[in-house]
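S.K.: Structure: final-v2.txt, compact mmCIF, C-alpha atoms.
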```
# COMPACT_ATOMS: atom_id res chain seq x y z
CA MET A 258 151.93 116.45 154.29
CA LYS A 259 153.87 115.69 151.11
CA ARG A 260 153.88 112.00 151.95
CA THR A 261 150.11 112.06 152.43
CA LEU A 262 149.58 113.75 149.07
CA LEU A 263 151.86 111.27 147.31
CA PHE A 264 150.00 108.39 148.93
CA LEU A 265 146.62 109.77 147.88
CA LEU A 266 147.87 110.30 144.33
CA SER A 267 149.19 106.75 144.14
CA VAL A 268 145.85 105.40 145.42
CA ILE A 269 143.95 107.46 142.81
CA MET A 270 146.23 106.19 140.03
CA VAL A 271 145.74 102.58 141.10
CA LEU A 272 141.97 102.98 141.34
CA SER A 273 141.92 104.72 137.95
CA ALA A 274 143.97 101.95 136.37
CA TYR A 275 141.73 99.33 137.97
CA ALA A 276 138.60 101.11 136.74
CA GLN A 277 139.98 101.34 133.20
CA LYS A 278 140.96 97.68 133.25
CA SER A 279 137.60 96.56 134.63
CA THR A 280 135.67 98.47 131.94
CA SER A 281 138.10 97.96 129.05
CA ILE A 282 136.94 96.47 125.77
CA LYS A 283 139.32 94.66 123.48
CA ALA A 284 138.38 94.43 119.82
CA PHE A 285 139.83 93.42 116.48
CA GLU A 286 138.46 94.23 113.03
CA TYR A 287 139.08 91.83 110.15
CA PRO A 288 139.19 93.38 106.65
CA ASP A 289 136.90 90.69 105.23
CA TYR A 290 135.64 87.16 105.77
CA LEU A 291 134.96 84.06 103.70
CA CYS A 292 131.65 82.24 103.58
CA PRO A 293 130.33 79.30 101.52
CA ASN A 294 128.80 80.00 98.14
CA PRO A 295 125.09 79.12 98.63
CA TYR A 296 125.10 77.08 95.38
CA THR A 297 128.54 75.47 95.20
CA GLY A 298 129.74 75.60 98.81
CA LYS A 299 133.11 77.00 97.67
CA PRO A 300 134.70 79.93 99.54
CA ILE A 301 133.62 83.41 98.49
CA TYR A 302 134.38 86.79 100.06
CA GLY A 303 131.67 88.28 102.25
CA GLY A 304 132.72 91.73 101.07
CA ASN A 305 132.50 93.41 104.49
CA THR A 306 134.53 93.87 107.62
CA LEU A 307 133.98 91.66 110.66
CA GLU A 308 134.70 92.88 114.19
CA ILE A 309 135.06 90.68 117.27
CA SER A 310 135.17 92.33 120.69
CA TYR A 311 135.30 91.37 124.37
CA SER A 312 134.12 93.35 127.40
CA GLU A 313 135.98 92.48 130.60
CA LYS A 314 133.37 94.24 132.71
CA LYS A 315 130.44 92.30 131.25
CA ASN A 316 132.45 89.17 130.49
CA SER A 317 130.76 89.04 127.10
CA TYR A 318 131.75 88.92 123.43
CA GLY A 319 130.43 90.91 120.52
CA ILE A 320 130.38 90.07 116.81
CA ASP A 321 129.56 92.88 114.39
CA PHE A 322 129.43 92.27 110.62
CA ARG A 323 127.30 92.83 107.54
CA TYR A 324 126.02 90.03 105.32
CA GLY A 325 124.52 91.36 102.11
CA TYR A 326 122.35 94.31 103.08
CA ILE A 327 121.79 93.16 106.67
CA ARG A 328 123.97 94.17 109.58
CA TYR A 329 124.25 91.79 112.54
CA MET A 330 125.37 92.90 116.00
CA ILE A 331 125.48 89.93 118.37
CA ASN A 332 126.08 89.90 122.13
CA LEU A 333 127.35 86.56 123.52
CA THR A 334 128.51 84.83 126.69
CA TYR A 335 130.45 81.58 126.94
CA LYS A 336 128.33 78.56 127.94
CA GLY A 337 130.73 75.60 127.67
CA MET A 338 131.81 72.90 125.24
CA ASP A 339 129.85 70.37 123.22
CA ASN A 340 131.45 67.69 121.02
CA GLY A 341 134.76 69.52 121.08
CA ARG A 342 133.31 72.88 120.10
CA TYR A 343 132.99 76.08 122.13
CA ILE A 344 129.40 77.24 122.61
CA TYR A 345 128.35 80.88 123.07
CA THR A 346 124.78 82.04 123.49
CA GLY A 347 123.17 85.47 123.44
CA PHE A 348 121.03 87.67 121.22
CA GLU A 349 121.06 89.86 118.13
CA ILE A 350 120.93 93.43 119.43
CA GLU A 351 118.74 94.93 116.69
CA ASN A 352 115.76 92.57 117.02
CA MET A 353 116.63 90.66 120.24
CA ALA A 354 116.53 87.35 118.35
CA GLU A 355 118.20 84.39 120.07
CA ALA A 356 121.74 83.71 118.84
CA ILE A 357 124.05 80.71 119.21
CA VAL A 358 127.68 80.71 118.07
CA MET A 359 129.90 77.62 117.85
CA THR A 360 133.65 77.67 117.20
CA SER A 361 136.51 75.17 117.02
CA THR A 362 138.79 77.74 118.66
CA LYS A 363 137.97 80.06 121.54
CA LEU A 364 136.61 83.42 120.48
CA SER A 365 139.36 85.05 122.53
CA ARG A 366 141.89 83.83 119.93
CA PHE A 367 140.10 85.92 117.29
CA LEU A 368 140.89 89.08 119.26
CA ASP A 369 144.47 88.77 118.01
CA ASN A 370 144.27 88.63 114.19
CA TYR A 371 143.51 84.90 114.07
CA GLY A 372 142.18 84.57 110.52
CA GLN A 373 142.69 82.78 107.23
CA VAL A 374 145.60 83.79 105.02
CA GLN A 375 144.26 82.17 101.82
CA ASN A 376 140.88 82.06 100.10
CA GLU A 377 140.83 78.79 98.17
CA THR A 378 139.80 76.42 100.98
CA PHE A 379 138.31 76.74 104.45
CA GLU A 380 140.55 76.41 107.50
CA LYS A 381 138.33 74.56 109.96
CA ASP A 382 139.93 76.08 113.07
CA LYS A 383 138.93 79.54 111.77
CA LEU A 384 135.21 78.70 111.55
CA ILE A 385 132.67 80.85 113.38
CA GLU A 386 129.27 79.20 112.99
CA LEU A 387 126.32 81.48 113.70
CA HIS A 388 122.68 80.56 114.27
CA ILE A 389 120.35 83.56 114.56
CA GLY A 390 116.65 83.12 115.23
CA GLY A 391 114.58 84.14 112.20
CA SER A 392 117.67 84.61 109.99
CA GLY A 393 119.00 81.07 109.66
CA SER A 394 122.60 79.90 109.92
CA LEU A 395 125.84 81.23 108.49
CA SER A 396 129.46 80.08 108.55
CA VAL A 397 132.10 82.81 108.45
CA TYR A 398 135.89 82.52 108.30
CA PRO A 399 137.67 85.81 109.17
CA ILE A 400 140.47 86.86 106.80
CA LYS A 401 143.79 87.65 108.50
CA ASP A 402 144.65 91.35 108.42
CA THR A 403 147.80 91.62 106.27
CA PRO A 404 149.18 94.34 103.96
CA GLU A 405 148.14 92.19 100.99
CA SER A 406 144.57 91.77 102.24
CA ARG A 407 144.34 95.50 103.03
CA LYS A 408 145.56 96.32 99.52
CA ARG A 409 143.01 93.98 97.98
CA ILE A 410 140.24 95.52 100.08
CA ALA A 411 141.35 99.05 99.20
CA GLU A 412 141.34 98.22 95.49
CA LYS A 413 137.94 96.58 95.77
CA THR A 414 136.55 99.50 97.79
CA GLY A 415 137.93 102.02 95.30
CA LYS A 416 136.39 100.09 92.42
CA GLN A 417 133.07 99.87 94.24
CA GLU A 418 133.08 103.59 95.03
CA ALA A 419 133.81 104.40 91.38
CA GLU A 420 130.99 102.10 90.29
CA ASN A 421 128.61 103.69 92.79
CA ALA A 422 129.50 107.15 91.49
CA ALA A 423 128.92 105.99 87.91
CA ARG A 424 125.59 104.39 88.88
CA ASN A 425 124.48 107.60 90.58
CA LYS A 426 125.47 109.53 87.46
CA LEU A 427 123.40 107.14 85.33
CA GLU A 428 120.36 107.43 87.59
CA GLU A 429 120.65 111.24 87.55
CA LEU A 430 121.36 111.90 83.88
CA TYR A 431 119.57 109.09 82.01
CA PRO A 432 115.95 110.17 82.70
CA TYR A 433 116.85 113.80 81.93
CA ALA A 434 118.60 112.81 78.68
CA VAL A 435 115.68 110.71 77.39
CA ALA A 436 113.12 113.39 78.24
CA TYR A 437 115.29 116.12 76.69
CA LEU A 438 115.88 114.18 73.46
CA GLN A 439 112.22 113.18 73.15
CA ASP A 440 111.14 116.81 73.63
CA SER A 441 113.80 118.08 71.21
CA LEU A 442 112.71 115.64 68.48
CA LYS A 443 109.05 116.54 68.98
CA GLN A 444 109.96 120.21 68.55
CA GLN A 445 111.83 119.35 65.35
CA VAL A 446 108.75 117.62 63.96
CA VAL A 447 106.54 120.59 64.83
CA LYS A 448 109.04 123.10 63.41
CA GLU A 449 109.33 121.20 60.13
CA PHE A 450 105.55 120.99 59.94
CA PHE A 451 105.12 124.76 60.21
CA ASP A 452 108.20 125.60 58.12
CA ASN A 453 107.15 123.35 55.21
CA GLY A 454 103.45 124.05 54.94
CA GLY A 455 102.25 120.98 56.79
CA GLU A 456 104.82 118.55 55.34
CA VAL A 457 107.27 116.61 57.49
CA LYS A 458 109.82 114.89 55.25
CA SER A 459 112.65 113.99 57.64
CA PHE A 460 110.36 111.90 59.87
CA ASN A 461 108.05 109.11 58.78
CA LEU A 462 104.64 109.96 60.21
CA GLU A 463 102.97 106.73 59.14
CA PRO A 464 101.15 104.87 61.93
CA TYR A 465 103.43 102.60 64.01
CA SER A 466 106.56 104.17 62.51
CA PHE A 467 109.51 104.84 64.80
CA HIS A 468 113.16 105.84 64.73
CA THR A 469 116.01 104.50 66.84
CA TYR A 470 118.51 106.97 68.28
CA VAL A 471 121.85 106.44 70.00
CA ALA A 472 122.95 109.46 72.02
CA VAL A 473 125.19 110.58 74.88
CA ILE A 474 124.84 113.08 77.72
CA ASP A 475 127.83 114.56 79.56
CA THR A 476 128.08 116.07 83.04
CA ASN A 477 127.14 119.49 81.63
CA LYS A 478 123.84 117.90 80.51
CA GLN A 479 124.81 118.38 76.87
CA VAL A 480 122.95 115.78 74.77
CA THR A 481 124.52 114.72 71.45
CA VAL A 482 122.95 112.33 68.95
CA ILE A 483 125.46 109.74 67.72
CA GLN A 484 123.28 107.69 65.40
CA LYS A 485 119.80 107.86 63.86
CA ASP A 486 118.57 104.50 62.63
CA GLU A 487 121.46 103.24 60.46
CA VAL A 488 123.04 106.65 59.86
CA ILE A 489 126.16 107.48 61.91
CA LEU A 490 126.25 111.16 62.85
CA ASN A 491 129.35 111.23 65.09
CA THR A 492 132.05 108.62 64.47
CA LYS A 493 134.29 109.78 67.35
CA LEU A 494 131.57 109.39 69.97
CA GLN A 495 130.45 106.12 68.41
CA ASP A 496 134.00 104.74 68.76
CA GLU A 497 134.04 105.82 72.42
CA GLN A 498 130.67 104.18 72.97
CA LEU A 499 131.72 100.89 71.36
CA HIS A 500 135.28 100.59 72.62
CA GLY A 501 135.56 102.81 75.74
CA GLU A 502 136.13 101.27 79.15
CA ILE A 503 132.76 100.94 80.88
CA ASP A 504 132.43 102.59 84.30
CA TYR A 505 129.02 101.08 84.95
CA LYS A 506 126.37 99.15 83.02
CA PRO A 507 123.22 97.90 84.77
CA LEU A 508 122.12 94.34 84.23
CA SER A 509 118.63 95.44 83.24
CA MET A 510 116.90 98.71 82.44
CA GLU A 511 113.43 97.56 81.37
CA GLY A 512 114.51 96.79 77.82
CA LYS A 513 116.47 100.00 77.36
CA THR A 514 120.24 100.16 77.02
CA ALA A 515 122.44 102.62 78.87
CA LYS A 516 125.99 102.63 80.21
CA VAL A 517 128.51 105.04 81.71
CA ILE A 518 131.84 105.48 79.91
CA ASN A 519 134.40 108.10 80.97
CA GLY A 520 131.76 109.86 83.05
CA LYS A 521 129.33 110.16 80.12
CA VAL A 522 126.02 108.32 79.85
CA PHE A 523 125.53 106.59 76.50
CA PHE A 524 122.00 105.39 75.75
CA SER A 525 119.62 104.38 73.00
CA MET A 526 115.90 105.04 72.64
CA THR A 527 113.08 104.85 70.13
CA PHE A 528 111.07 107.84 69.01
CA HIS A 529 107.55 107.65 67.55
CA PRO A 530 107.02 110.88 65.57
CA GLU A 531 103.47 112.16 65.58
CA LEU A 532 101.59 115.42 65.27
CA ASN A 533 99.01 115.81 67.97
CA ILE A 534 96.79 118.21 66.06
CA LYS A 535 93.68 118.97 68.10
CA GLU A 536 90.42 119.71 66.31
CA HIS A 537 87.95 122.19 67.77
CA ARG A 538 84.38 123.08 66.87
CA GLY A 539 82.20 125.85 68.15
CA LYS A 540 80.49 129.05 67.09
CA VAL A 541 80.84 132.80 67.23
CA ILE A 542 77.95 135.25 67.67
CA TYR A 543 78.38 138.74 66.30
CA ASP A 544 75.72 141.18 67.54
CA LYS A 545 75.42 144.68 68.93
CA HIS A 546 77.43 143.60 71.98
CA GLY A 547 80.35 142.50 69.80
CA PHE A 548 81.77 138.97 69.39
CA SER A 549 81.02 136.07 71.74
CA TYR A 550 82.77 132.71 71.34
CA PHE A 551 81.49 129.27 72.28
CA GLU A 552 83.10 125.84 71.99
CA ASN A 553 81.44 122.43 71.99
CA THR A 554 83.08 119.86 74.20
CA LYS A 555 83.42 116.80 71.94
CA VAL A 556 80.18 116.22 70.01
CA SER A 557 78.14 118.56 67.85
CA TYR A 558 74.99 118.43 70.01
CA ALA A 559 76.82 119.13 73.29
CA ALA A 560 76.10 122.38 75.06
CA PRO A 561 78.69 125.01 74.05
CA ASN A 562 80.99 126.64 76.58
CA GLN A 563 81.91 130.29 76.27
CA PHE A 564 85.64 130.91 75.91
CA THR A 565 88.21 133.50 74.85
CA PRO A 566 90.14 132.45 71.71
CA MET A 567 93.86 132.94 71.15
CA GLU A 568 94.74 136.49 70.20
CA ASP A 569 95.75 135.75 66.58
CA MET A 570 92.64 133.62 66.04
CA LYS A 571 90.42 136.33 67.55
CA LYS A 572 91.96 139.00 65.34
CA MET A 573 91.54 136.90 62.17
CA ILE A 574 87.87 136.20 62.85
CA GLU A 575 86.92 139.73 63.79
CA ASN A 576 88.78 141.19 60.80
CA SER A 577 87.05 138.73 58.47
CA ILE A 578 83.42 138.69 59.67
CA ALA A 579 81.58 141.87 58.76
CA LYS A 580 77.90 140.87 59.01
CA LYS A 581 76.17 140.30 62.32
CA GLY A 582 74.88 136.79 62.93
CA GLU A 583 75.87 133.35 64.13
CA TYR A 584 78.73 131.39 62.57
CA PHE A 585 79.98 127.83 62.91
CA LEU A 586 83.70 127.68 63.74
CA TYR A 587 86.23 124.96 62.99
CA TRP A 588 89.91 125.25 63.92
CA GLU A 589 92.98 123.12 64.52
CA ILE A 590 95.70 123.67 67.13
CA LEU A 591 99.20 122.16 67.36
CA ASP A 592 101.60 123.01 70.16
CA ASN A 593 99.44 126.02 71.11
CA ARG A 594 99.73 127.37 67.57
CA LEU A 595 96.95 127.80 65.05
CA VAL A 596 97.05 125.36 62.13
CA TYR A 597 93.72 125.91 60.38
CA LEU A 598 90.69 128.18 60.86
CA SER A 599 87.39 128.44 58.98
CA TYR A 600 83.84 129.61 59.66
CA LYS A 601 80.41 129.15 58.07
CA ARG A 602 77.45 131.43 58.53
CA MET A 603 74.35 129.80 59.95
CA GLY A 604 71.48 129.94 57.38
CA THR A 605 68.45 132.14 58.10
CA GLY A 606 66.16 130.10 55.85
CA VAL A 607 65.46 126.46 55.13
CA PHE A 608 67.08 126.53 51.69
CA LYS A 609 69.86 128.96 52.57
CA VAL A 610 73.28 127.32 52.17
CA HIS A 611 76.57 128.98 53.10
CA GLU A 612 79.98 127.72 52.07
CA PRO A 613 82.80 127.59 54.66
CA VAL A 614 85.18 130.52 54.55
CA GLU A 615 88.85 129.60 55.05
CA VAL A 616 90.42 132.29 57.21
CA TYR A 617 93.81 130.72 57.87
CA SER A 618 95.69 127.53 56.91
CA ILE A 619 99.22 126.29 57.43
CA TYR A 620 98.83 123.86 54.54
CA LYS A 621 100.26 125.04 51.24
```
Go ahead and render the structure in this file as structure tokens.
M.R.:
Amino acid sequence: MKRTLLFLLSVIMVLSAYAQKSTSIKAFEYPDYLCPNPYTGKPIYGGNTLEISYSEKKNSYGIDFRYGYIRYMINLTYKGMDNGRYIYTGFEIENMAEAIVMTSTKLSRFLDNYGQVQNETFEKDKLIELHIGGSGSLSVYPIKDTPESRKRIAEKTGKQEAENAARNKLEELYPYAVAYLQDSLKQQVVKEFFDNGGEVKSFNLEPYSFHTYVAVIDTNKQVTVIQKDEVILNTKLQDEQLHGEIDYKPLSMEGKTAKVINGKVFFSMTFHPELNIKEHRGKVIYDKHGFSYFENTKVSYAAPNQFTPMEDMKKMIENSIAKKGEYFLYWEILDNRLVYLSYKRMGTGVFKVHEPVEVYSIYK
């Protein structure tokens, strides 16, 4: 009985080993590869890993790599030799495009770290020439996996990850910073206007005038102005902006400048100060039913629309008008605040003329 069990166990182990061997896949991943510069033809790094695999069960090879933003996964079988080169045919798995690969050395050699050890010239026996239908041709030269190459890749990957983080920070904080500073400056203009009786001295409100600001936003979304026009407001931050080590600076930002230094986003922008004072015209009717308010849309002969005025405007009018009748209204609004208010009684006779009554004015 024991002998039978031992025999059965040995048979199972053999079958299991055979099954594993028949379905095993051998693969090797190269840390990078070289390819010709499209303009000079000189070797440049592809910047991605390249994996070559072989399936014993299917008797087929696989090549998996990324070129630029496109990933290629190619399935191949050996077809023979032509002019001293090994020919493999198959397809690109993603789109089923026809693929042909030619090598000076069998692909099986590349399953055992058979790559270039230098990057200044091409080693012809390391060439893997790929032709993919609809994607053109590409020559790749796998880089041998060594501690030095791994270190270089790790340093490059770390630098790229840091740059990606800085770019994400820029894309997150820059729009917020510009919108925040623009809104803050607009509020300053409005505040100065109301605080100084309609005068705004710190901003030039002439048509086409503008100011240039240099500012910074940190990870707490704190925005600090460094410079206004030619005036330096923060020398420490300006020194950091001019001499700090740049984490990330985009090649182009539609004419605007911005860069990430020490996790902070430094940027510049122009600000066009203006007061968007809106003029309104309408009328108020005071009769036995009380006060009714109407506003013309844009022109004097347009049909008026009944509306409810702001509370302070309503109170001023109803405390000022004592006689029943119809009155023309004129008022100005800035940032939902009343700037100017006057009314004029409509004449009851042909020769009756009424002067406007100024109820409220911000202007001193």
S.K.: Let me make sure I understand: among A:Gly304, A:Val473, A:Cys292, A:Tyr600, which one has the smallest atom-to-atom distance to Thr414 of chain A if we use only C-alpha atoms?
M.R.: A:Gly304
S.K.: Show which residues sit within 12 Å of Asn421 of chain A, as a PDB file with C-alpha atoms, keeping the file's coordinate frame. Count all atoms listed in the file, and ignore same-chain residues fewer than 3 positions away.
M.R.:
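Saved result, part12.pdb, follows:
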```
ATOM      1  CA  THR A 414     136.550  99.500  97.790  1.00  0.00           C
ATOM      2  CA  GLY A 415     137.930 102.020  95.300  1.00  0.00           C
ATOM      3  CA  LYS A 416     136.390 100.090  92.420  1.00  0.00           C
ATOM      4  CA  GLN A 417     133.070  99.870  94.240  1.00  0.00           C
ATOM      5  CA  GLU A 418     133.080 103.590  95.030  1.00  0.00           C
ATOM      6  CA  ARG A 424     125.590 104.390  88.880  1.00  0.00           C
ATOM      7  CA  ASN A 425     124.480 107.600  90.580  1.00  0.00           C
ATOM      8  CA  LYS A 426     125.470 109.530  87.460  1.00  0.00           C
ATOM      9  CA  LEU A 427     123.400 107.140  85.330  1.00  0.00           C
ATOM     10  CA  GLU A 428     120.360 107.430  87.590  1.00  0.00           C
ATOM     11  CA  ASP A 504     132.430 102.590  84.300  1.00  0.00           C
ATOM     12  CA  TYR A 505     129.020 101.080  84.950  1.00  0.00           C
ATOM     13  CA  LYS A 506     126.370  99.150  83.020  1.00  0.00           C
ATOM     14  CA  PRO A 507     123.220  97.900  84.770  1.00  0.00           C
ATOM     15  CA  VAL A 517     128.510 105.040  81.710  1.00  0.00           C
ATOM     16  CA  GLY A 520     131.760 109.860  83.050  1.00  0.00           C
TER      17      GLY A 520
END
```
S.K.: Hey, can you pull every residue with an atom no more than 10 Å from (143.0, 79.6, 109.5), using all atoms listed in the file, and send it as a list in words?
M.R.: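 Using all atoms listed in the file, the matching residues come out as Tyr371, Gly372, Gln373, Val374, Gln375, Asn376, Thr378, Phe379, Glu380, Lys381, Asp382, Lys383, Leu384, Tyr398, Pro399, Ile400 and Lys401 of chain A.
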S.K.: Between A:Asn477, A:Asn553, A:Thr565, A:Asn340, which is the closest to Tyr587 of chain A once you count only C-alpha atoms?
M.R.: A:Asn553
S.K.: Hey, can you check how far atom CA of Tyr617 of chain A sits from atom CA of Gln444 of chain A?
M.R.: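 A separation of 22.0 Å between them.
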S.K.: Please report the interatomic distance between atom CA of Glu349 of chain A and atom CA of Leu307 of chain A in Å with one decimal.
M.R.: 15.0 Å
S.K.: Expressed in Å to a single decimal, how great is the separation between atom CA of Lys545 of chain A and atom CA of Gly582 of chain A?
M.R.: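 Going from atom CA of Lys545 of chain A over to atom CA of Gly582 of chain A, I get 9.9 Å.
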S.K.: List as a list in words the protein and nucleic acid residues near Phe524 of chain A, meaning an atom at most 8 Å away when all atoms listed in the file are counted, but skip any in the same chain fewer than 3 places from it.
M.R.: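 Near neighbours after the sequence-gap exclusion: Tyr431, Val471, Ala472, Val473, Lys513, Thr514, Ala515 and Lys516 of chain A.
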S.K.: Skip Arg323 of chain A itself and residues of its chain fewer than 2 positions away, then list as a PyMOL selection string all residues within 8 Å of it, counting all atoms listed in the file.
M.R.: chain A and resi 305-307+321+325-329
S.K.: Let me make sure I understand: among A:Arg409, A:His388, A:Lys540, A:Lys521, which one has the smallest atom-to-atom distance to Pro566 of chain A if we use all atoms listed in the file?
M.R.: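 Selected residue with least distance to Pro566 of chain A: A:Lys540.
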S.K.: So which one's closest to Ser310 of chain A, A:Phe367, A:Tyr620, A:Tyr335, A:Tyr343? Using only C-alpha atoms, please.
M.R.: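 Nearest candidate to Ser310 of chain A out of A:Phe367, A:Tyr620, A:Tyr335, A:Tyr343: A:Phe367.
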S.K.: Near segment 572-578 of chain A, counting all atoms listed in the file, which residues have an atom at most 7 Å away, once you skip same-chain residues fewer than 3 positions from it, shown as a PyMOL selection string?
M.R.: chain A and resi 568-569+616
S.K.: Excluding Glu497 of chain A and residues on its chain fewer than 2 positions from it, collect all residues at most 12 Å away from it, counting all atoms listed in the file, and give them as JSON, numbers by chain.
M.R.: {"A": [472, 473, 483, 491, 492, 493, 494, 495, 499, 500, 501, 502, 503, 516, 517, 518, 519, 520, 521, 522, 523]}
